[in-house]
>>> print(open('target-v5.tsv').read())   # TSV, N, CA and C atoms
chain	number	residue	atom	x	y	z
A	1	MET	N	106.63	120.16	86.41
A	1	MET	CA	106.09	120.62	85.14
A	1	MET	C	106.49	119.62	84.05
A	2	ASN	N	105.62	119.48	83.10
A	2	ASN	CA	105.96	118.64	81.96
A	2	ASN	C	106.17	119.52	80.73
A	3	ILE	N	106.53	118.90	79.63
A	3	ILE	CA	106.87	119.66	78.43
A	3	ILE	C	105.69	120.49	77.91
A	4	GLU	N	104.49	119.96	78.00
A	4	GLU	CA	103.32	120.71	77.53
A	4	GLU	C	103.05	121.94	78.39
A	5	ASP	N	103.23	121.79	79.70
A	5	ASP	CA	103.07	122.94	80.60
A	5	ASP	C	104.09	124.02	80.26
A	6	ILE	N	105.32	123.61	80.04
A	6	ILE	CA	106.38	124.57	79.72
A	6	ILE	C	106.10	125.22	78.37
A	7	ARG	N	105.71	124.43	77.40
A	7	ARG	CA	105.40	124.99	76.07
A	7	ARG	C	104.29	126.03	76.17
A	8	GLU	N	103.22	125.68	76.85
A	8	GLU	CA	102.09	126.60	76.99
A	8	GLU	C	102.52	127.89	77.70
A	9	TYR	N	103.31	127.75	78.76
A	9	TYR	CA	103.73	128.93	79.50
A	9	TYR	C	104.66	129.81	78.67
A	10	CYS	N	105.63	129.20	78.01
A	10	CYS	CA	106.57	129.97	77.20
A	10	CYS	C	105.84	130.74	76.10
A	11	LEU	N	104.89	130.08	75.46
A	11	LEU	CA	104.17	130.74	74.36
A	11	LEU	C	103.19	131.80	74.85
A	12	SER	N	102.90	131.82	76.15
A	12	SER	CA	102.02	132.86	76.68
A	12	SER	C	102.75	134.19	76.89
A	13	LYS	N	104.08	134.16	76.80
A	13	LYS	CA	104.88	135.37	77.01
A	13	LYS	C	104.73	136.29	75.79
A	14	PRO	N	104.72	137.60	75.99
A	14	PRO	CA	104.59	138.53	74.86
A	14	PRO	C	105.68	138.31	73.80
A	15	MET	N	105.28	138.28	72.57
A	15	MET	CA	106.16	138.14	71.40
A	15	MET	C	106.84	136.78	71.30
A	16	ALA	N	106.50	135.83	72.14
A	16	ALA	CA	107.17	134.52	72.12
A	16	ALA	C	106.67	133.67	70.97
A	17	ASP	N	107.58	132.90	70.41
A	17	ASP	CA	107.21	131.91	69.41
A	17	ASP	C	108.07	130.67	69.61
A	18	GLU	N	107.80	129.66	68.81
A	18	GLU	CA	108.58	128.43	68.90
A	18	GLU	C	109.12	128.08	67.52
A	19	ALA	N	110.23	127.39	67.51
A	19	ALA	CA	110.85	126.98	66.26
A	19	ALA	C	111.70	125.74	66.52
A	20	MET	N	112.15	125.15	65.43
A	20	MET	CA	113.05	124.00	65.51
A	20	MET	C	114.23	124.26	64.56
A	21	PRO	N	115.06	125.25	64.89
A	21	PRO	CA	116.12	125.66	63.97
A	21	PRO	C	117.31	124.71	63.88
A	22	PHE	N	117.47	123.82	64.84
A	22	PHE	CA	118.65	122.96	64.87
A	22	PHE	C	118.38	121.58	64.28
A	23	ASP	N	117.26	120.97	64.67
A	23	ASP	CA	116.92	119.63	64.22
A	23	ASP	C	115.46	119.36	64.58
A	24	ASP	N	115.00	118.15	64.32
A	24	ASP	CA	113.61	117.79	64.60
A	24	ASP	C	113.39	117.37	66.05
A	25	GLU	N	114.42	117.44	66.86
A	25	GLU	CA	114.32	116.99	68.25
A	25	GLU	C	114.45	118.10	69.28
A	26	THR	N	114.81	119.30	68.84
A	26	THR	CA	115.04	120.39	69.80
A	26	THR	C	114.05	121.52	69.57
A	27	LEU	N	113.14	121.68	70.52
A	27	LEU	CA	112.14	122.74	70.47
A	27	LEU	C	112.72	123.98	71.14
A	28	VAL	N	112.68	125.09	70.41
A	28	VAL	CA	113.28	126.34	70.87
A	28	VAL	C	112.19	127.39	71.03
A	29	PHE	N	112.20	128.07	72.17
A	29	PHE	CA	111.28	129.18	72.41
A	29	PHE	C	112.08	130.46	72.30
A	30	ARG	N	111.52	131.42	71.55
A	30	ARG	CA	112.25	132.64	71.26
A	30	ARG	C	111.39	133.87	71.54
A	31	VAL	N	112.08	134.97	71.72
A	31	VAL	CA	111.43	136.29	71.76
A	31	VAL	C	112.28	137.18	70.88
A	32	GLY	N	111.66	137.82	69.89
A	32	GLY	CA	112.41	138.65	68.97
A	32	GLY	C	113.51	137.89	68.26
A	33	GLU	N	113.26	136.63	67.91
A	33	GLU	CA	114.22	135.77	67.21
A	33	GLU	C	115.40	135.32	68.08
A	34	LYS	N	115.38	135.64	69.39
A	34	LYS	CA	116.45	135.21	70.29
A	34	LYS	C	115.92	134.13	71.23
A	35	MET	N	116.72	133.11	71.47
A	35	MET	CA	116.31	131.97	72.29
A	35	MET	C	116.25	132.33	73.78
A	36	PHE	N	115.20	131.82	74.44
A	36	PHE	CA	115.17	131.93	75.90
A	36	PHE	C	114.93	130.58	76.56
A	37	ALA	N	114.55	129.55	75.80
A	37	ALA	CA	114.35	128.21	76.37
A	37	ALA	C	114.49	127.17	75.25
A	38	LEU	N	115.04	126.02	75.61
A	38	LEU	CA	115.19	124.91	74.68
A	38	LEU	C	114.84	123.62	75.40
A	39	ILE	N	114.18	122.72	74.67
A	39	ILE	CA	113.84	121.40	75.22
A	39	ILE	C	114.14	120.35	74.17
A	40	ALA	N	114.85	119.30	74.58
A	40	ALA	CA	115.07	118.14	73.71
A	40	ALA	C	113.83	117.28	73.78
A	41	LEU	N	113.09	117.21	72.69
A	41	LEU	CA	111.80	116.51	72.69
A	41	LEU	C	111.92	115.02	72.98
A	42	GLU	N	112.98	114.40	72.51
A	42	GLU	CA	113.14	112.96	72.71
A	42	GLU	C	113.22	112.61	74.19
A	43	LYS	N	113.92	113.44	74.95
A	43	LYS	CA	114.09	113.17	76.38
A	43	LYS	C	113.05	113.91	77.20
A	44	ALA	N	112.82	115.17	76.88
A	44	ALA	CA	111.85	116.02	77.58
A	44	ALA	C	111.97	115.95	79.10
A	45	ALA	N	113.19	115.75	79.57
A	45	ALA	CA	113.41	115.63	81.00
A	45	ALA	C	114.07	116.88	81.58
A	46	ALA	N	114.40	117.83	80.70
A	46	ALA	CA	115.08	119.04	81.16
A	46	ALA	C	114.81	120.17	80.18
A	47	VAL	N	115.02	121.38	80.67
A	47	VAL	CA	114.88	122.58	79.83
A	47	VAL	C	116.13	123.43	80.04
A	48	ASN	N	116.67	123.96	78.94
A	48	ASN	CA	117.79	124.88	79.02
A	48	ASN	C	117.23	126.30	79.08
A	49	LEU	N	117.71	127.08	80.06
A	49	LEU	CA	117.23	128.44	80.27
A	49	LEU	C	118.41	129.40	80.44
A	50	LYS	N	118.28	130.57	79.86
A	50	LYS	CA	119.29	131.61	80.02
A	50	LYS	C	119.24	132.12	81.46
A	51	CYS	N	120.40	132.55	81.97
A	51	CYS	CA	120.45	133.00	83.35
A	51	CYS	C	121.59	133.99	83.53
A	52	ASP	N	121.37	134.96	84.41
A	52	ASP	CA	122.43	135.88	84.81
A	52	ASP	C	123.60	135.04	85.32
A	53	PRO	N	124.84	135.31	84.87
A	53	PRO	CA	125.98	134.45	85.25
A	53	PRO	C	126.17	134.23	86.75
A	54	GLU	N	126.05	135.27	87.56
A	54	GLU	CA	126.22	135.10	89.00
A	54	GLU	C	125.10	134.25	89.59
A	55	ARG	N	123.90	134.52	89.15
A	55	ARG	CA	122.77	133.73	89.64
A	55	ARG	C	122.89	132.28	89.19
A	56	ALA	N	123.37	132.07	87.98
A	56	ALA	CA	123.54	130.71	87.46
A	56	ALA	C	124.42	129.88	88.38
A	57	LEU	N	125.53	130.46	88.78
A	57	LEU	CA	126.44	129.75	89.69
A	57	LEU	C	125.77	129.44	91.02
A	58	ASP	N	125.07	130.41	91.57
A	58	ASP	CA	124.38	130.22	92.85
A	58	ASP	C	123.33	129.11	92.75
A	59	LEU	N	122.56	129.12	91.68
A	59	LEU	CA	121.52	128.10	91.50
A	59	LEU	C	122.12	126.70	91.39
A	60	ARG	N	123.24	126.60	90.68
A	60	ARG	CA	123.90	125.29	90.52
A	60	ARG	C	124.43	124.77	91.85
A	61	GLU	N	124.89	125.69	92.70
A	61	GLU	CA	125.39	125.28	94.02
A	61	GLU	C	124.26	124.83	94.95
A	62	ARG	N	123.10	125.46	94.83
A	62	ARG	CA	122.01	125.18	95.76
A	62	ARG	C	121.06	124.08	95.31
A	63	HIS	N	121.03	123.75	94.00
A	63	HIS	CA	120.06	122.77	93.49
A	63	HIS	C	120.78	121.77	92.59
A	64	HIS	N	120.77	120.51	92.98
A	64	HIS	CA	121.44	119.51	92.14
A	64	HIS	C	120.71	119.29	90.82
A	65	GLU	N	119.46	119.75	90.72
A	65	GLU	CA	118.69	119.63	89.47
A	65	GLU	C	119.11	120.67	88.43
A	66	ILE	N	119.94	121.62	88.83
A	66	ILE	CA	120.37	122.69	87.91
A	66	ILE	C	121.86	122.54	87.66
A	67	THR	N	122.20	122.38	86.39
A	67	THR	CA	123.59	122.18	85.99
A	67	THR	C	123.95	123.16	84.87
A	68	GLU	N	125.22	123.16	84.49
A	68	GLU	CA	125.66	123.99	83.38
A	68	GLU	C	124.85	123.65	82.13
A	69	GLY	N	124.58	124.66	81.31
A	69	GLY	CA	123.78	124.45	80.11
A	69	GLY	C	124.39	123.41	79.18
A	70	TYR	N	123.62	122.39	78.89
A	70	TYR	CA	124.05	121.31	78.01
A	70	TYR	C	124.10	121.83	76.58
A	71	HIS	N	125.26	121.73	75.95
A	71	HIS	CA	125.50	122.23	74.58
A	71	HIS	C	125.26	123.73	74.45
A	72	MET	N	125.43	124.47	75.52
A	72	MET	CA	125.20	125.92	75.52
A	72	MET	C	126.38	126.59	76.22
A	73	SER	N	126.39	127.91	76.19
A	73	SER	CA	127.39	128.66	76.94
A	73	SER	C	127.21	128.35	78.43
A	74	LYS	N	128.23	127.80	79.04
A	74	LYS	CA	128.13	127.42	80.46
A	74	LYS	C	127.99	128.63	81.37
A	75	LYS	N	128.42	129.78	80.89
A	75	LYS	CA	128.34	131.00	81.69
A	75	LYS	C	126.92	131.55	81.74
A	76	HIS	N	126.19	131.44	80.63
A	76	HIS	CA	124.90	132.12	80.51
A	76	HIS	C	123.67	131.19	80.48
A	77	TRP	N	123.89	129.89	80.48
A	77	TRP	CA	122.77	128.96	80.37
A	77	TRP	C	122.84	127.87	81.44
A	78	ASN	N	121.67	127.49	81.93
A	78	ASN	CA	121.53	126.37	82.86
A	78	ASN	C	120.64	125.31	82.23
A	79	THR	N	120.91	124.06	82.57
A	79	THR	CA	120.00	122.98	82.25
A	79	THR	C	119.25	122.66	83.54
A	80	VAL	N	117.93	122.71	83.48
A	80	VAL	CA	117.08	122.50	84.65
A	80	VAL	C	116.33	121.18	84.48
A	81	SER	N	116.61	120.24	85.36
A	81	SER	CA	115.93	118.94	85.31
A	81	SER	C	114.48	119.09	85.71
A	82	LEU	N	113.62	118.44	84.95
A	82	LEU	CA	112.19	118.43	85.27
A	82	LEU	C	111.81	117.21	86.09
A	83	LEU	N	112.79	116.38	86.42
A	83	LEU	CA	112.53	115.13	87.14
A	83	LEU	C	112.87	115.22	88.62
A	84	GLY	N	113.37	116.35	89.06
A	84	GLY	CA	113.78	116.49	90.45
A	84	GLY	C	112.70	117.05	91.34
A	85	ASN	N	113.13	117.75	92.36
A	85	ASN	CA	112.21	118.26	93.37
A	85	ASN	C	111.90	119.76	93.23
A	86	LEU	N	112.23	120.34	92.10
A	86	LEU	CA	111.95	121.77	91.91
A	86	LEU	C	110.45	121.97	91.71
A	87	SER	N	109.91	122.96	92.38
A	87	SER	CA	108.46	123.22	92.27
A	87	SER	C	108.15	123.86	90.93
A	88	ASP	N	106.90	123.72	90.50
A	88	ASP	CA	106.45	124.37	89.27
A	88	ASP	C	106.62	125.88	89.37
A	89	LYS	N	106.33	126.42	90.53
A	89	LYS	CA	106.46	127.86	90.75
A	89	LYS	C	107.90	128.31	90.53
A	90	PHE	N	108.86	127.53	91.02
A	90	PHE	CA	110.27	127.88	90.87
A	90	PHE	C	110.70	127.76	89.41
A	91	ILE	N	110.25	126.73	88.71
A	91	ILE	CA	110.58	126.58	87.30
A	91	ILE	C	110.01	127.74	86.49
A	92	ILE	N	108.80	128.15	86.81
A	92	ILE	CA	108.21	129.32	86.15
A	92	ILE	C	109.04	130.57	86.41
A	93	GLU	N	109.52	130.72	87.63
A	93	GLU	CA	110.38	131.86	87.97
A	93	GLU	C	111.65	131.84	87.12
A	94	LEU	N	112.22	130.66	86.91
A	94	LEU	CA	113.43	130.54	86.09
A	94	LEU	C	113.14	130.85	84.62
A	95	ILE	N	111.99	130.41	84.13
A	95	ILE	CA	111.58	130.73	82.76
A	95	ILE	C	111.40	132.24	82.62
A	96	ASP	N	110.73	132.85	83.60
A	96	ASP	CA	110.52	134.31	83.57
A	96	ASP	C	111.86	135.04	83.54
A	97	HIS	N	112.81	134.60	84.36
A	97	HIS	CA	114.13	135.23	84.40
A	97	HIS	C	114.81	135.14	83.04
A	98	SER	N	114.75	133.96	82.43
A	98	SER	CA	115.36	133.76	81.12
A	98	SER	C	114.71	134.67	80.08
A	99	TYR	N	113.39	134.66	80.04
A	99	TYR	CA	112.66	135.50	79.08
A	99	TYR	C	113.01	136.98	79.29
A	100	ASP	N	113.00	137.42	80.53
A	100	ASP	CA	113.27	138.84	80.83
A	100	ASP	C	114.68	139.24	80.39
A	101	LEU	N	115.67	138.38	80.62
A	101	LEU	CA	117.03	138.68	80.19
A	101	LEU	C	117.10	138.89	78.68
A	102	VAL	N	116.45	137.99	77.96
A	102	VAL	CA	116.49	138.08	76.50
A	102	VAL	C	115.68	139.27	76.02
A	103	TYR	N	114.50	139.47	76.58
A	103	TYR	CA	113.66	140.59	76.15
A	103	TYR	C	114.37	141.93	76.38
A	104	LYS	N	115.02	142.08	77.53
A	104	LYS	CA	115.74	143.33	77.83
A	104	LYS	C	116.88	143.58	76.86
A	105	SER	N	117.42	142.53	76.26
A	105	SER	CA	118.55	142.69	75.34
A	105	SER	C	118.12	143.04	73.92
A	106	LEU	N	116.82	142.97	73.66
A	106	LEU	CA	116.32	143.27	72.31
A	106	LEU	C	116.43	144.76	72.00
A	107	PRO	N	116.68	145.08	70.74
A	107	PRO	CA	116.68	146.50	70.36
A	107	PRO	C	115.30	147.12	70.55
A	108	LYS	N	115.28	148.40	70.84
A	108	LYS	CA	114.02	149.13	71.08
A	108	LYS	C	113.05	148.96	69.91
A	109	LYS	N	113.58	148.96	68.70
A	109	LYS	CA	112.76	148.83	67.50
A	109	LYS	C	111.92	147.53	67.54
A	110	ILE	N	112.54	146.47	67.97
A	110	ILE	CA	111.81	145.18	68.05
A	110	ILE	C	110.81	145.21	69.21
A	111	LYS	N	111.22	145.76	70.35
A	111	LYS	CA	110.30	145.85	71.48
A	111	LYS	C	109.08	146.68	71.13
A	112	ASP	N	109.28	147.75	70.36
A	112	ASP	CA	108.17	148.63	69.99
A	112	ASP	C	107.15	147.93	69.10
A	113	GLN	N	107.53	146.87	68.42
A	113	GLN	CA	106.59	146.11	67.59
A	113	GLN	C	105.53	145.42	68.42
A	114	ASN	N	105.83	145.25	69.71
A	114	ASN	CA	104.90	144.58	70.62
A	114	ASN	C	103.81	145.52	71.13
A	115	ILE	N	103.98	146.82	70.91
A	115	ILE	CA	103.03	147.81	71.46
A	115	ILE	C	101.78	147.85	70.62
>>> encode(input="target-v5.tsv", output="C-alpha cells")
Amino acid sequence: MNIEDIREYCLSKPMADEAMPFDDETLVFRVGEKMFALIALEKAAAVNLKCDPERALDLRERHHEITEGYHMSKKHWNTVSLLGNLSDKFIIELIDHSYDLVYKSLPKKIKDQNI
C-alpha cells in the first residue's frame, strides 16, 4: 500500500477525518478527535497504528516490518513499514484494528453523532 491508498482507506471509515496537529510533515487520521493512524509525509514509508498491547507484542515478534511505535507509546502503538512484505489485506486489517480500538473508546455521546 502507498500513502494515497492508506489515506483513502482511513478517510472511508465512519467519522474519520485528517489533520496535521503536530507539524506540516505528519498526517494524522482521527475518529472523534482521537488518533488512529499517523504517517510522516516526508518519508511515507511507514504508518503508526494503535494496537492492543498483547497483540502488538505478538505482531512485532512475527513480522520484522512491525516495530514499536516511533515517537508513540511503545505499549499501545506499532510502526508498520510499507516497504516490506506485508500484504495490503494485512495492512488494512491493522488499520481496522486501530480504528476499532479508538472508536470503542469514544464516549457514547460522540458515537451517537454518527447515527
>>> residues_around(input="target-v5.tsv", residues="Val31 (chain A)", least_positions_apart="6", cutoff="7 Å", atoms="all atoms listed in the file", output="tab-separated table (two decimals) with N, CA and C atoms, in the coordinates of the input")
chain	number	residue	atom	x	y	z
A	14	PRO	N	104.72	137.60	75.99
A	14	PRO	CA	104.59	138.53	74.86
A	14	PRO	C	105.68	138.31	73.80
A	15	MET	N	105.28	138.28	72.57
A	15	MET	CA	106.16	138.14	71.40
A	15	MET	C	106.84	136.78	71.30
A	16	ALA	N	106.50	135.83	72.14
A	16	ALA	CA	107.17	134.52	72.12
A	16	ALA	C	106.67	133.67	70.97
A	17	ASP	N	107.58	132.90	70.41
A	17	ASP	CA	107.21	131.91	69.41
A	17	ASP	C	108.07	130.67	69.61
A	102	VAL	N	116.45	137.99	77.96
A	102	VAL	CA	116.49	138.08	76.50
A	102	VAL	C	115.68	139.27	76.02
A	103	TYR	N	114.50	139.47	76.58
A	103	TYR	CA	113.66	140.59	76.15
A	103	TYR	C	114.37	141.93	76.38
>>> residues_around(input="target-v5.tsv", residues="Ala44 (chain A)", least_positions_apart="5", cutoff="9 Å", atoms="only C-alpha atoms", output="number ranges by chain")
A: 2-3, 39, 82
>>> write_last_selection(input="target-v5.tsv", atoms="N, CA and C atoms", output="compact mmCIF listing (two decimals), keeping the file's coordinate frame")
# COMPACT_ATOMS: atom_id res chain seq x y z
N ASN A 2 105.62 119.48 83.10
CA ASN A 2 105.96 118.64 81.96
C ASN A 2 106.17 119.52 80.73
N ILE A 3 106.53 118.90 79.63
CA ILE A 3 106.87 119.66 78.43
C ILE A 3 105.69 120.49 77.91
N ILE A 39 114.18 122.72 74.67
CA ILE A 39 113.84 121.40 75.22
C ILE A 39 114.14 120.35 74.17
N LEU A 82 113.62 118.44 84.95
CA LEU A 82 112.19 118.43 85.27
C LEU A 82 111.81 117.21 86.09
>>> atom_distance(input="target-v5.tsv", atom1="atom C of Asp112 (chain A)", atom2="atom C of Leu49 (chain A)")
24.5 Å
>>> residues_around(input="target-v5.tsv", residues="region 85-101 of chain A", least_positions_apart="2", cutoff="8 Å", atoms="all atoms listed in the file", output="compact mmCIF listing (two decimals) with N, CA and C atoms, in the frame of the given file")
# COMPACT_ATOMS: atom_id res chain seq x y z
N MET A 1 106.63 120.16 86.41
CA MET A 1 106.09 120.62 85.14
C MET A 1 106.49 119.62 84.05
N ASN A 2 105.62 119.48 83.10
CA ASN A 2 105.96 118.64 81.96
C ASN A 2 106.17 119.52 80.73
N CYS A 10 105.63 129.20 78.01
CA CYS A 10 106.57 129.97 77.20
C CYS A 10 105.84 130.74 76.10
N ARG A 30 111.52 131.42 71.55
CA ARG A 30 112.25 132.64 71.26
C ARG A 30 111.39 133.87 71.54
N VAL A 31 112.08 134.97 71.72
CA VAL A 31 111.43 136.29 71.76
C VAL A 31 112.28 137.18 70.88
N MET A 35 116.72 133.11 71.47
CA MET A 35 116.31 131.97 72.29
C MET A 35 116.25 132.33 73.78
N PHE A 36 115.20 131.82 74.44
CA PHE A 36 115.17 131.93 75.90
C PHE A 36 114.93 130.58 76.56
N ALA A 37 114.55 129.55 75.80
CA ALA A 37 114.35 128.21 76.37
C ALA A 37 114.49 127.17 75.25
N ASN A 48 116.67 123.96 78.94
CA ASN A 48 117.79 124.88 79.02
C ASN A 48 117.23 126.30 79.08
N LEU A 49 117.71 127.08 80.06
CA LEU A 49 117.23 128.44 80.27
C LEU A 49 118.41 129.40 80.44
N LYS A 50 118.28 130.57 79.86
CA LYS A 50 119.29 131.61 80.02
C LYS A 50 119.24 132.12 81.46
N CYS A 51 120.40 132.55 81.97
CA CYS A 51 120.45 133.00 83.35
C CYS A 51 121.59 133.99 83.53
N ASP A 52 121.37 134.96 84.41
CA ASP A 52 122.43 135.88 84.81
C ASP A 52 123.60 135.04 85.32
N HIS A 64 120.77 120.51 92.98
CA HIS A 64 121.44 119.51 92.14
C HIS A 64 120.71 119.29 90.82
N GLU A 65 119.46 119.75 90.72
CA GLU A 65 118.69 119.63 89.47
C GLU A 65 119.11 120.67 88.43
N SER A 81 116.61 120.24 85.36
CA SER A 81 115.93 118.94 85.31
C SER A 81 114.48 119.09 85.71
N LEU A 82 113.62 118.44 84.95
CA LEU A 82 112.19 118.43 85.27
C LEU A 82 111.81 117.21 86.09
N LEU A 83 112.79 116.38 86.42
CA LEU A 83 112.53 115.13 87.14
C LEU A 83 112.87 115.22 88.62
N TYR A 103 114.50 139.47 76.58
CA TYR A 103 113.66 140.59 76.15
C TYR A 103 114.37 141.93 76.38
N LYS A 104 115.02 142.08 77.53
CA LYS A 104 115.74 143.33 77.83
C LYS A 104 116.88 143.58 76.86
N SER A 105 117.42 142.53 76.26
CA SER A 105 118.55 142.69 75.34
C SER A 105 118.12 143.04 73.92
N LEU A 106 116.82 142.97 73.66
CA LEU A 106 116.32 143.27 72.31
C LEU A 106 116.43 144.76 72.00
>>> atom_distance(input="target-v5.tsv", atom1="CA of Ala46 (chain A)", atom2="atom N of Glu8 (chain A)")
14.3 Å
>>> residues_near_point(input="target-v5.tsv", point="(110.7, 112.0, 68.5)", cutoff="7 Å", atoms="all atoms listed in the file", output="list in words")
Asp24, Glu25, Leu41 and Glu42 of chain A
>>> residues_around(input="target-v5.tsv", residues="Glu18 (chain A)", least_positions_apart="3", cutoff="6.5 Å", atoms="only N, CA and C atoms", output="ChimeraX atom specification")
/A:27-30
>>> atom_distance(input="target-v5.tsv", atom1="atom N of Ala19 (chain A)", atom2="CA of Ala56 (chain A)")
24.2 Å
>>> select_by_dssp(input="target-v5.tsv", residues="chain A", states="strand (DSSP E or B)", output="ChimeraX atom specification")
/A:16-19,26-31,34-40,46-50,66-68,77-81
>>> write_last_selection(input="target-v5.tsv", atoms="N, CA and C atoms", output="mmCIF file, in the coordinates of the input")
data_model
loop_
_atom_site.group_PDB
_atom_site.id
_atom_site.type_symbol
_atom_site.label_atom_id
_atom_site.label_comp_id
_atom_site.auth_asym_id
_atom_site.auth_seq_id
_atom_site.Cartn_x
_atom_site.Cartn_y
_atom_site.Cartn_z
ATOM 1 N N ALA A 16 106.500 135.830 72.140
ATOM 2 C CA ALA A 16 107.170 134.520 72.120
ATOM 3 C C ALA A 16 106.670 133.670 70.970
ATOM 4 N N ASP A 17 107.580 132.900 70.410
ATOM 5 C CA ASP A 17 107.210 131.910 69.410
ATOM 6 C C ASP A 17 108.070 130.670 69.610
ATOM 7 N N GLU A 18 107.800 129.660 68.810
ATOM 8 C CA GLU A 18 108.580 128.430 68.900
ATOM 9 C C GLU A 18 109.120 128.080 67.520
ATOM 10 N N ALA A 19 110.230 127.390 67.510
ATOM 11 C CA ALA A 19 110.850 126.980 66.260
ATOM 12 C C ALA A 19 111.700 125.740 66.520
ATOM 13 N N THR A 26 114.810 119.300 68.840
ATOM 14 C CA THR A 26 115.040 120.390 69.800
ATOM 15 C C THR A 26 114.050 121.520 69.570
ATOM 16 N N LEU A 27 113.140 121.680 70.520
ATOM 17 C CA LEU A 27 112.140 122.740 70.470
ATOM 18 C C LEU A 27 112.720 123.980 71.140
ATOM 19 N N VAL A 28 112.680 125.090 70.410
ATOM 20 C CA VAL A 28 113.280 126.340 70.870
ATOM 21 C C VAL A 28 112.190 127.390 71.030
ATOM 22 N N PHE A 29 112.200 128.070 72.170
ATOM 23 C CA PHE A 29 111.280 129.180 72.410
ATOM 24 C C PHE A 29 112.080 130.460 72.300
ATOM 25 N N ARG A 30 111.520 131.420 71.550
ATOM 26 C CA ARG A 30 112.250 132.640 71.260
ATOM 27 C C ARG A 30 111.390 133.870 71.540
ATOM 28 N N VAL A 31 112.080 134.970 71.720
ATOM 29 C CA VAL A 31 111.430 136.290 71.760
ATOM 30 C C VAL A 31 112.280 137.180 70.880
ATOM 31 N N LYS A 34 115.380 135.640 69.390
ATOM 32 C CA LYS A 34 116.450 135.210 70.290
ATOM 33 C C LYS A 34 115.920 134.130 71.230
ATOM 34 N N MET A 35 116.720 133.110 71.470
ATOM 35 C CA MET A 35 116.310 131.970 72.290
ATOM 36 C C MET A 35 116.250 132.330 73.780
ATOM 37 N N PHE A 36 115.200 131.820 74.440
ATOM 38 C CA PHE A 36 115.170 131.930 75.900
ATOM 39 C C PHE A 36 114.930 130.580 76.560
ATOM 40 N N ALA A 37 114.550 129.550 75.800
ATOM 41 C CA ALA A 37 114.350 128.210 76.370
ATOM 42 C C ALA A 37 114.490 127.170 75.250
ATOM 43 N N LEU A 38 115.040 126.020 75.610
ATOM 44 C CA LEU A 38 115.190 124.910 74.680
ATOM 45 C C LEU A 38 114.840 123.620 75.400
ATOM 46 N N ILE A 39 114.180 122.720 74.670
ATOM 47 C CA ILE A 39 113.840 121.400 75.220
ATOM 48 C C ILE A 39 114.140 120.350 74.170
ATOM 49 N N ALA A 40 114.850 119.300 74.580
ATOM 50 C CA ALA A 40 115.070 118.140 73.710
ATOM 51 C C ALA A 40 113.830 117.280 73.780
ATOM 52 N N ALA A 46 114.400 117.830 80.700
ATOM 53 C CA ALA A 46 115.080 119.040 81.160
ATOM 54 C C ALA A 46 114.810 120.170 80.180
ATOM 55 N N VAL A 47 115.020 121.380 80.670
ATOM 56 C CA VAL A 47 114.880 122.580 79.830
ATOM 57 C C VAL A 47 116.130 123.430 80.040
ATOM 58 N N ASN A 48 116.670 123.960 78.940
ATOM 59 C CA ASN A 48 117.790 124.880 79.020
ATOM 60 C C ASN A 48 117.230 126.300 79.080
ATOM 61 N N LEU A 49 117.710 127.080 80.060
ATOM 62 C CA LEU A 49 117.230 128.440 80.270
ATOM 63 C C LEU A 49 118.410 129.400 80.440
ATOM 64 N N LYS A 50 118.280 130.570 79.860
ATOM 65 C CA LYS A 50 119.290 131.610 80.020
ATOM 66 C C LYS A 50 119.240 132.120 81.460
ATOM 67 N N ILE A 66 119.940 121.620 88.830
ATOM 68 C CA ILE A 66 120.370 122.690 87.910
ATOM 69 C C ILE A 66 121.860 122.540 87.660
ATOM 70 N N THR A 67 122.200 122.380 86.390
ATOM 71 C CA THR A 67 123.590 122.180 85.990
ATOM 72 C C THR A 67 123.950 123.160 84.870
ATOM 73 N N GLU A 68 125.220 123.160 84.490
ATOM 74 C CA GLU A 68 125.660 123.990 83.380
ATOM 75 C C GLU A 68 124.850 123.650 82.130
ATOM 76 N N TRP A 77 123.890 129.890 80.480
ATOM 77 C CA TRP A 77 122.770 128.960 80.370
ATOM 78 C C TRP A 77 122.840 127.870 81.440
ATOM 79 N N ASN A 78 121.670 127.490 81.930
ATOM 80 C CA ASN A 78 121.530 126.370 82.860
ATOM 81 C C ASN A 78 120.640 125.310 82.230
ATOM 82 N N THR A 79 120.910 124.060 82.570
ATOM 83 C CA THR A 79 120.000 122.980 82.250
ATOM 84 C C THR A 79 119.250 122.660 83.540
ATOM 85 N N VAL A 80 117.930 122.710 83.480
ATOM 86 C CA VAL A 80 117.080 122.500 84.650
ATOM 87 C C VAL A 80 116.330 121.180 84.480
ATOM 88 N N SER A 81 116.610 120.240 85.360
ATOM 89 C CA SER A 81 115.930 118.940 85.310
ATOM 90 C C SER A 81 114.480 119.090 85.710
#
>>> select_by_dssp(input="target-v5.tsv", residues="chain A", states="helix (DSSP H, G or I)", output="ChimeraX atom specification")
/A:3-11,53-62,88-105,108-112
>>> closest_residue(input="target-v5.tsv", among="A:Lys108, A:Arg7, A:Thr79, A:Gln113", to="Ala45 (chain A)", atoms="only C-alpha atoms")
A:Thr79
>>> axis_aligned_box(input="target-v5.tsv", around="region 44-60 of chain A", padding_each_side="5 Å", output="lines of an AutoDock Vina configuration file")
center_x = 119.1
center_y = 125.5
center_z = 84.9
size_x = 24.6
size_y = 30.7
size_z = 26.0
>>> closest_residue(input="target-v5.tsv", among="A:Ile110, A:Ile66, A:Leu11, A:Val80", to="Gly32 (chain A)", atoms="all atoms listed in the file")
A:Ile110
